[in-house]
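What follows is a short report on a single structure.
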Amino acid sequence: MNKSEFARRLFFKRCAAAGLGFATPLDARVRVDASEKQDLPAYDGPYYIVFNASGGWDTTYLMDPKGVGGINRLYEEGDILTQGEHRFAPTEKTREGGISNEAFFSEFGQELLVFNGLDYSVNNHAPCSRYMATGKLDSLAYPTFAALVAACKGQSCPLSFLTFGNYSATGNLVAMSRVPYLPSLKRIANADAMDGNPRSPYHDDFAISRIERAIDERRNARRQLNLLPRQERAENMLYAAQVNSKALARVTPHIPDNLPKQRLAQQAEIALTSFKAGVCVSANLSIGQFDSHANNDQDQMRLIPEFLQGIANVLHRAEELGIRDQLVVIAQSEMGRTPDYNNGNGKDHWSIGSIMFLGPGIKGGRVLGQTDEKQFALPVDPASMKIDSENGIRIRPEHIHESLREFAGIAQHPASLEFSLEVKTKEKLRGLWS
Amino acid sequence: MQMMLVFNRLSRRAFFGITLLIQCFLVQCFWVRGNLFAQNSTNVGCVQAGQGFAGEQLWGKVIATHCLKCHRSGGDAKDSRLVFRATGLETVEDQQGIITSNLRTLALLAKVEENGKSILLQKPLGELNHGGEQIFESQNKAYQLLEAFVSNVAHAGEIRSSLFDEPSGSFFRDVEMLSPQRLLRKATLSLAGRLPQDQELLRVAEGDDQAMIGVLNEVMLEDAFFDRLREGFNDVFLTQGVDGNPDSTVLSYEHFEKTRLWYQQYDLSHIEDENERRQAGYRLANEYRAALLDEPMRLIEYIVRNDRPFTEIVTADYIMVSPYTARGYGVYEEVREQFRDPDDPFDFIPVKLQALKGRNAKEDQDSATGYYPHAGILSTFQYLSRYPTTETNRNRLRARMYFLHFLGIDVLELAARGSDAAAATEQYEVPTMQAAECVVCHQTLDPIAGLFQDYWRFDRNFAIYGKRHEGWFEDMFHAGYEGEQIPPEDRWRALQWLGERTVRDPRFAIAMTEHAYFLLTGRRPLSPPKDLDDPLFDSRYKAWRELRCETERIARQLVENDFNFKQAIAQWVVSDFYRADSMALASEDEYRLVELDDLGVVRMLSPEQLERKILAVFGRSWGKLTEQTAMLYGGIDSKEVTERASDPGGAMGAIQRTLSNDVACRNVAYDFSRPASERLLFPHIETEVLPGVSVEWDQAIRMTISQLHWLILGREDSPDSEEVGRTFRLFSEIIQDAKAAHAIDPREAWSCRQGLLAEVPDPHYTVRSWRAVVTYLLRQEEFLYE
C-alpha cells in the first residue's frame, strides 16, 4: 500500500468512524469513544462466545477420529461413530465426568460445523494462542476476534468484551473486562449510591447532575487541546468507561441466586448474564490443562468431556434466557496433539488441528477440511471448500478469521481494516458458513 | 561522494524496499526459522539522529534488527562469507565505525558473482545451497528492490561518506515537557506513593537535572520505594504466583522434610485463649508463607537498597531469609543473631545455604564448596517452582523465561512460520536438532535449558532439585551459553556459570534498563516495526529508534555506574520520554502523530497504586481496592492473571465512580472537622465562605480550588484560569441549586458525617458542594492515571 492508498483508507476510516460513534481519529489508529447519551441502548445480539481448550486438545479424541497407526489407544477405527456427516471418537465408556462425544454430537450435531485440518503453522503455545485468537501470527498488535467484534458492534457496552483467560489482546480498540465473580458486579452496578442502594445516593440529584455536566464540559474543553495521542486515547477510554458503566445497573436483575460450581459454567453465567442485560458483545471462555505431555488419554478424557459440557451448558442456559437464537459459539484450541505417544504416554504439540462453530447463520451438520491417516492436513480448494490435493491451499487461522469477520459483518469496518489479515481474494473461503 | 550520489538517486521509499530485501537475505534464518534475537537485541544498536538517513535505514531497519542473529560471530551463519560485527553498548562514535565496516562487507559481497550473477541475488532464492533456504520468489517486490541495490549500491564503491551525514530533526521538537515540579510530583507518587514536599519542590524548581536526581536519590531511600520496587518486579517475575502452599512448593519434602512445617510445632501455649491461640497459629503460617513468597523480591530490594551491582540479580551467592523462613530452611539458629528483630516475619537478611541434603545420600546435591550454588533469583526455589518443568518440556520453559527476564528476549514473541511444521516434526528423528526451522531457536534455547538440568523434579512438593537418573538428554544441544559449552567441572554450579556470562552480555544491561522503564510506565518499550509495506513504517521506526537510543544511553550509564539500578530509574525520570506532557501545536500530520503515538507515561494506576495515591492525597487509603474488587479493577494474581489491565472497561468505570463518590464522602466533612492548621484539603477556607458574596470570598474559593487542582490532579492552575473557573462554577451552581431547592437538610449526608472530629454543620450546602468538587476531580484522568 502506497501513501495515497493509505490516505484513502484513512479518509474512509474517518468517515466510517464518524458514523459509528468513534472520535474522529487524528492519527492512523481508530479511536474509542463513549456515546454522549446517558441511556445507552441495550445490545441485543448477536453474541459471540469463543471457547478455548487451552494447552492443545487431542482432536483425534473428538471430531477428527483416527483409530489407526497407533494414534489412539482407547479405540480403533471400527469404533468410530457418526452423526450425519460428523465422525467422532467414542468416549462414553472412557470419559471422566462431563458429557461424551456421543451425547454432544447427538444433541448438537445438526447445528455443528466442524473444520478439520487447520494448519497452525507453528507448535508453541504462545504464538499458536495468538495466531488462533487473532488470525495473525507475526504481530502482537492485532486484536482477538472477540475483541474486534466487540469493538465493531458494541463499543459503548460497559462489558463489551469479557475475557476469562486465553490470549486477549484488544488492539486498543475496546477495553477488556475481567469479572471474576458475578455478585461483585452487584456492588458496583449502582455506583452513585452508597453500598449500591438506590435509596441512599451520595449526592442530591441536582448535584450529581452538575458533576456530570462539568465532566462533559471539561472533556469537551480538553478535546480542543493538543494532547499527545496516548493521552487523548486514555481520556476517551476513561470517559467512555465511566459513562457507559451506568448501564451496568441492567445486570443486577439477571444475576441468579445460585451460581454454578463448574469452572466453565461460572464463566458462562457471567457472560450470558451480561449478554442478557445488553451490556456485552463477546466473551472468551477458557479452561486449561489440555497440554497432555504425560498421560494424554487420561487428561483428554477428563477435559474434553468437561469442555463439551461447558458448551452444552451455555447453549441450554442461553435457551432459558431466550438468547440462544442470537448466540454464536466458536470452540477452538491453540494446537493439536501428535499422532504418536511419547514415553510418558503423553502426546506433544502438533501444528494441525480443528475448530467448531455453531450459531445463527451457520449451516450445521457439516464437516469441512480433512486430515489424512497420519493426521496431516489436506489442501482445500477455498472456492468449493472441497479437498484438492493438487491446487488446494493450506487453511490457516487467517483464512478462518477473515471468514469470521465476513460472517459477523465487520470485514469492512474501520477497525477490521486497520488490522487487515491480507488474505488474497482467491484464498477467501467460499461457503464455509452455508 | 560517489556513494552519496548513488543513494540520492534512490527514492526514499525505494531505499526502504532495498533494505527490506537485504534484510530478507541476511536474516534468512530469522525469517525462515525463528527470531530468537529479533526483539530488543542489543545488537540492534543505536545510530543517533543526525547520523544520516542512509546509515540508520540500512543498519537499524535491516541488518541490526534482523540479520545479526545468524550473520555474526557465533551465529548460525558464522562460517558464511557474510559475517557482521555486532554492536553492544559502545559509544555512538564507535557504533558508527562498526556500522561502516559492516556495510563495506555487505557491499563487497554484493560484487561476488557466481554464474554471472551476484550471490546476493541468488541466495535469497534458495540457490547456491543457501542455509536459510528460499526467502523470496523472484517476482517478489522485495527481491526486485534487492536487485536495485545490487546494481546501484553495491557496485559503487565507497560507502562511508554517505552514511552519517544527513541530519534529522529533534524527535521532541513539538512536544511540551512537564515542569520540574510536576515531574517531581509524578515521580514521588510513582516511586514512593507520596506527594513531594515543599522543600523538594523548591530544590527542583531552582535546579537542573542533577537537582532532580538528587531529590530522587533521597526518595529512593524510603521504605515505600522498596515496596513499589518489589511490587513492580513481581509484575515481571511473578514469583508471588507460586502454586500451592509455599511451605510445600518452595521448600520440598526431599530436602526440607524436617524443617519446612516448623510452624505446626511452634509453641503458642503462652496464649491462654484457645480461639486466640488458633488465630495466632493461622497468622504464623500465613506470615511464614508470605515471607517465603517474598524472598526473591526481597533479594532485589537488598541489592538496590544497598547500592549493590544489579548484576547480583543473577550472581548473588546468597538468598534472603527472614526469621520465619530461616526456620523453614533449618538455618534459624545459625543466623538468629543477625536479625534486627527475630520476631519480625519480614526482617530479611542475606544467607548462604549449605548444599542440599537428600533423604538418602544419592539425592545429595553436588557442591565443590559445600554451599548451595546460589545464582541470584535464577536459583531460588521460588523461581524454579514458579516456572516448573516436565519430562517433555525439558526445562525449555525455564530457558524461555530466562531469556525474557534477563536478556529481554521473548523467544516465542513472533514465531517464524514453517512451510509445514507437522511435516518437519515427522520428517526428522530429532527435529529440534535437525529441522532448520526448529534448530535456529533450539540451538540457543536448549543449551540454557541444559543448564537447569539438575533441577529435574516434577512434583515440587516432593523435590525441585534432583538429577535426571538417565543423564541429561542427548537429543538436545549441549548445555552452555551462546556456543560455549559448560565444562563438566562446572556443572554443579551451572546456574552460577550462566549468571556470570549473562551479566557480561550487553543484552543484560539493556534488559535491566527496560525493566526500569517498565517499572515507571507499566509497559514494555516499543518493538521495532517489521512490515516494510506498512505506509507508517517510517514513523513507527523512528518512534522505536528514539526510545531504543535512550534505552541504550541509560544502559551504558548503568554499566558505567557499576549497575546501580537507582541511577537507571533516575535517568528515565529525567528523560524526555518520562517528561513528555503534551504537544506544543496541533498536528494534522498523521505520520508525526504515529511517531508520537506511544509517547507519554499516561498509565492507568493499578489498584495498589491508586490506594497509595489516595493515602498520599487524603491521608488515609480507601481500602476497598482489594481482592475481588482489585481483580475487577484490572489487578493481577500472579498466577492466571499476570498482566494488568491498561484501559478501563465499564466495570472499572463503575468502580471509579464509586471511588470518587466514596472517597469524597469520607474525607471532605472529615477534613473540615479538623483544626484549619491540620487540614489537608481545606486549610485556608471555612464552610461559611459562599460564592458571589464578595470579591474576597470568591478569590478565597478560587484559591482553594487551585490548591485542590494541584493536590488531587497535579495541575498548576492559577485561580483565574479556565480550569479553576469551571470548578468554581460547579461549586457555586450547586449552592444555588440547593438554595432554590426546598427542604434541604442542613447537615451532610449521614454516611459522610460519620467519624468526624468535630461537628460540621452544613446550612449553606457548602460542605456538600465541596464534596461534589472533590468527586468531580477524582473522576479525572489526572487523578486516575499517572
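Note on naming: chains are A, B, ... as they come in the C-alpha cells, residues start from 1 per chain, ligands start from 1 in the order shown.
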Who sits within 10 Å of Arg324 in chain A, only C-alpha atoms, same chain under 4 positions skipped, as a list in words: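 What passes the distance filter is Pro46, Tyr47, Leu272, Val314, Leu315, His316, Arg317, Ala318, Glu319, Glu320, Val328, Gly359 and Pro360 of chain A.
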Non-local contacts of Ala377 in chain A (9 Å; only C-alpha atoms; under 5 positions in same chain excluded) as a PyMOL selection string: (chain A and resi 116-119+352-353+369-372+394-395) or (chain B and resi 422)
Selection above as a file: N, CA and C atoms, as a PDB file, in the first residue's frame:
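The resulting selection_19.pdb:
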```pdb
ATOM      1  N   ASN A 116     -11.756 -29.598   9.968  1.00  0.00           N
ATOM      2  CA  ASN A 116     -10.582 -30.382  10.325  1.00  0.00           C
ATOM      3  C   ASN A 116      -9.409 -30.025   9.411  1.00  0.00           C
ATOM      4  N   GLY A 117      -8.218 -30.211   9.910  1.00  0.00           N
ATOM      5  CA  GLY A 117      -7.034 -29.975   9.074  1.00  0.00           C
ATOM      6  C   GLY A 117      -6.613 -28.519   9.048  1.00  0.00           C
ATOM      7  N   LEU A 118      -6.858 -27.818  10.131  1.00  0.00           N
ATOM      8  CA  LEU A 118      -6.418 -26.424  10.245  1.00  0.00           C
ATOM      9  C   LEU A 118      -4.917 -26.413  10.546  1.00  0.00           C
ATOM     10  N   ASP A 119      -4.195 -25.620   9.788  1.00  0.00           N
ATOM     11  CA  ASP A 119      -2.738 -25.581   9.929  1.00  0.00           C
ATOM     12  C   ASP A 119      -2.337 -24.391  10.800  1.00  0.00           C
ATOM     13  N   ILE A 352      -1.358 -29.245  13.565  1.00  0.00           N
ATOM     14  CA  ILE A 352      -2.596 -29.422  12.809  1.00  0.00           C
ATOM     15  C   ILE A 352      -3.738 -29.665  13.784  1.00  0.00           C
ATOM     16  N   GLY A 353      -4.868 -29.032  13.534  1.00  0.00           N
ATOM     17  CA  GLY A 353      -5.982 -29.203  14.465  1.00  0.00           C
ATOM     18  C   GLY A 353      -7.327 -28.940  13.819  1.00  0.00           C
ATOM     19  N   GLY A 369     -12.842 -29.627   5.409  1.00  0.00           N
ATOM     20  CA  GLY A 369     -11.428 -29.887   5.629  1.00  0.00           C
ATOM     21  C   GLY A 369     -11.217 -31.345   6.021  1.00  0.00           C
ATOM     22  N   GLN A 370      -9.955 -31.732   6.069  1.00  0.00           N
ATOM     23  CA  GLN A 370      -9.695 -33.139   6.351  1.00  0.00           C
ATOM     24  C   GLN A 370      -8.222 -33.318   6.714  1.00  0.00           C
ATOM     25  N   THR A 371      -7.975 -34.338   7.526  1.00  0.00           N
ATOM     26  CA  THR A 371      -6.596 -34.772   7.743  1.00  0.00           C
ATOM     27  C   THR A 371      -6.485 -36.209   7.236  1.00  0.00           C
ATOM     28  N   ASP A 372      -5.272 -36.589   6.887  1.00  0.00           N
ATOM     29  CA  ASP A 372      -5.097 -37.957   6.393  1.00  0.00           C
ATOM     30  C   ASP A 372      -4.905 -38.929   7.553  1.00  0.00           C
ATOM     31  N   ARG A 394      -3.363 -24.618   2.087  1.00  0.00           N
ATOM     32  CA  ARG A 394      -3.413 -24.990   3.489  1.00  0.00           C
ATOM     33  C   ARG A 394      -4.270 -23.948   4.207  1.00  0.00           C
ATOM     34  N   ILE A 395      -5.292 -24.390   4.882  1.00  0.00           N
ATOM     35  CA  ILE A 395      -6.180 -23.450   5.566  1.00  0.00           C
ATOM     36  C   ILE A 395      -5.562 -23.111   6.920  1.00  0.00           C
TER      37      ILE A 395
ATOM     38  N   ALA B 422       4.155 -29.621  10.924  1.00  0.00           N
ATOM     39  CA  ALA B 422       3.849 -31.021  11.245  1.00  0.00           C
ATOM     40  C   ALA B 422       4.754 -31.953  10.451  1.00  0.00           C
TER      41      ALA B 422
END
```
Among the residues B:Glu231, B:Asp762, B:Glu608, B:Asp581, the one that comes closest to Asn226 in chain A [using only C-alpha atoms]: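 For Asn226 in chain A, the nearest of the given residues is B:Asp581.
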Who sits within 10 Å of Leu384 in chain B, only C-alpha atoms, same chain under 5 positions skipped, as number ranges by chain: B: 239, 242, 249-250, 377-379, 389, 395, 398, 452, 455, 460, 464-465
Point-to-point distance in Å for CA of Pro158 in chain A and CA of Ala241 in chain A: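 It comes out at 6.6 Å.
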Spatial neighbours of Thr380 in chain B, 9 Å, only C-alpha atoms, chain gap at least 3 places, as a CSV table (one decimal) with N, CA and C atoms, in the first residue's frame:
```csv
chain,number,residue,atom,x,y,z
B,250,VAL,N,7.7,-24.5,47.7
B,250,VAL,CA,9.0,-23.8,47.6
B,250,VAL,C,10.1,-24.7,48.4
B,295,GLU,N,10.7,-13.7,49.3
B,295,GLU,CA,12.2,-13.8,49.2
B,295,GLU,C,12.8,-13.2,48.0
B,296,PRO,N,12.4,-13.7,46.8
B,296,PRO,CA,13.1,-13.2,45.6
B,296,PRO,C,13.0,-11.7,45.4
B,319,ILE,N,20.7,-16.0,49.4
B,319,ILE,CA,19.3,-15.7,49.3
B,319,ILE,C,18.9,-14.8,50.5
B,374,HIS,N,24.2,-20.7,44.7
B,374,HIS,CA,23.2,-19.6,44.5
B,374,HIS,C,23.6,-18.8,43.3
B,375,ALA,N,22.6,-18.4,42.5
B,375,ALA,CA,22.8,-17.6,41.3
B,375,ALA,C,21.7,-16.5,41.3
B,376,GLY,N,21.6,-15.7,42.3
B,376,GLY,CA,20.6,-14.7,42.4
B,376,GLY,C,19.2,-15.3,42.3
B,377,ILE,N,18.3,-14.7,41.6
B,377,ILE,CA,16.9,-15.2,41.5
B,377,ILE,C,16.9,-16.5,40.8
B,383,TYR,N,11.7,-19.2,42.1
B,383,TYR,CA,11.7,-19.1,40.6
B,383,TYR,C,11.6,-20.4,39.9
B,384,LEU,N,12.3,-21.4,40.5
B,384,LEU,CA,12.2,-22.7,39.8
B,384,LEU,C,10.9,-23.3,40.0
B,385,SER,N,10.2,-23.0,41.1
B,385,SER,CA,8.9,-23.6,41.3
B,385,SER,C,7.8,-22.8,40.5
```
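Counting only C-alpha atoms and comparing A:Glu334, A:Ile208, A:Glu427, A:Leu432, the residue that lies closest to Pro379 in chain A is A:Glu427.
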Range 248-264 of chain A environment, 6 Å, only C-alpha atoms, sequence neighbours closer than 2 positions dropped, as a ChimeraX atom specification: /A:186,189-190,245-246,266-267,273,277,310
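Separating CA of Val83 in chain B from CA of Glu413 in chain B is a distance of 25.6 Å.
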Close residues, Ser539 in chain B itself excluded, 8 Å, only C-alpha atoms, min 5 positions apart in chain, as a ChimeraX atom specification: /B:591-592,594-595
CA of Asp720 in chain B to CA of Arg771 in chain B, straight-line distance in Å: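 Computed distance, CA of Arg771 in chain B to CA of Asp720 in chain B, equals 21.4 Å.
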Selected residue, from B:Leu708, B:Ala772, B:Leu221, B:Cys549, that lies nearest to chain A when counting only C-alpha atoms: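 Smallest distance to chain A is found for B:Ala772.
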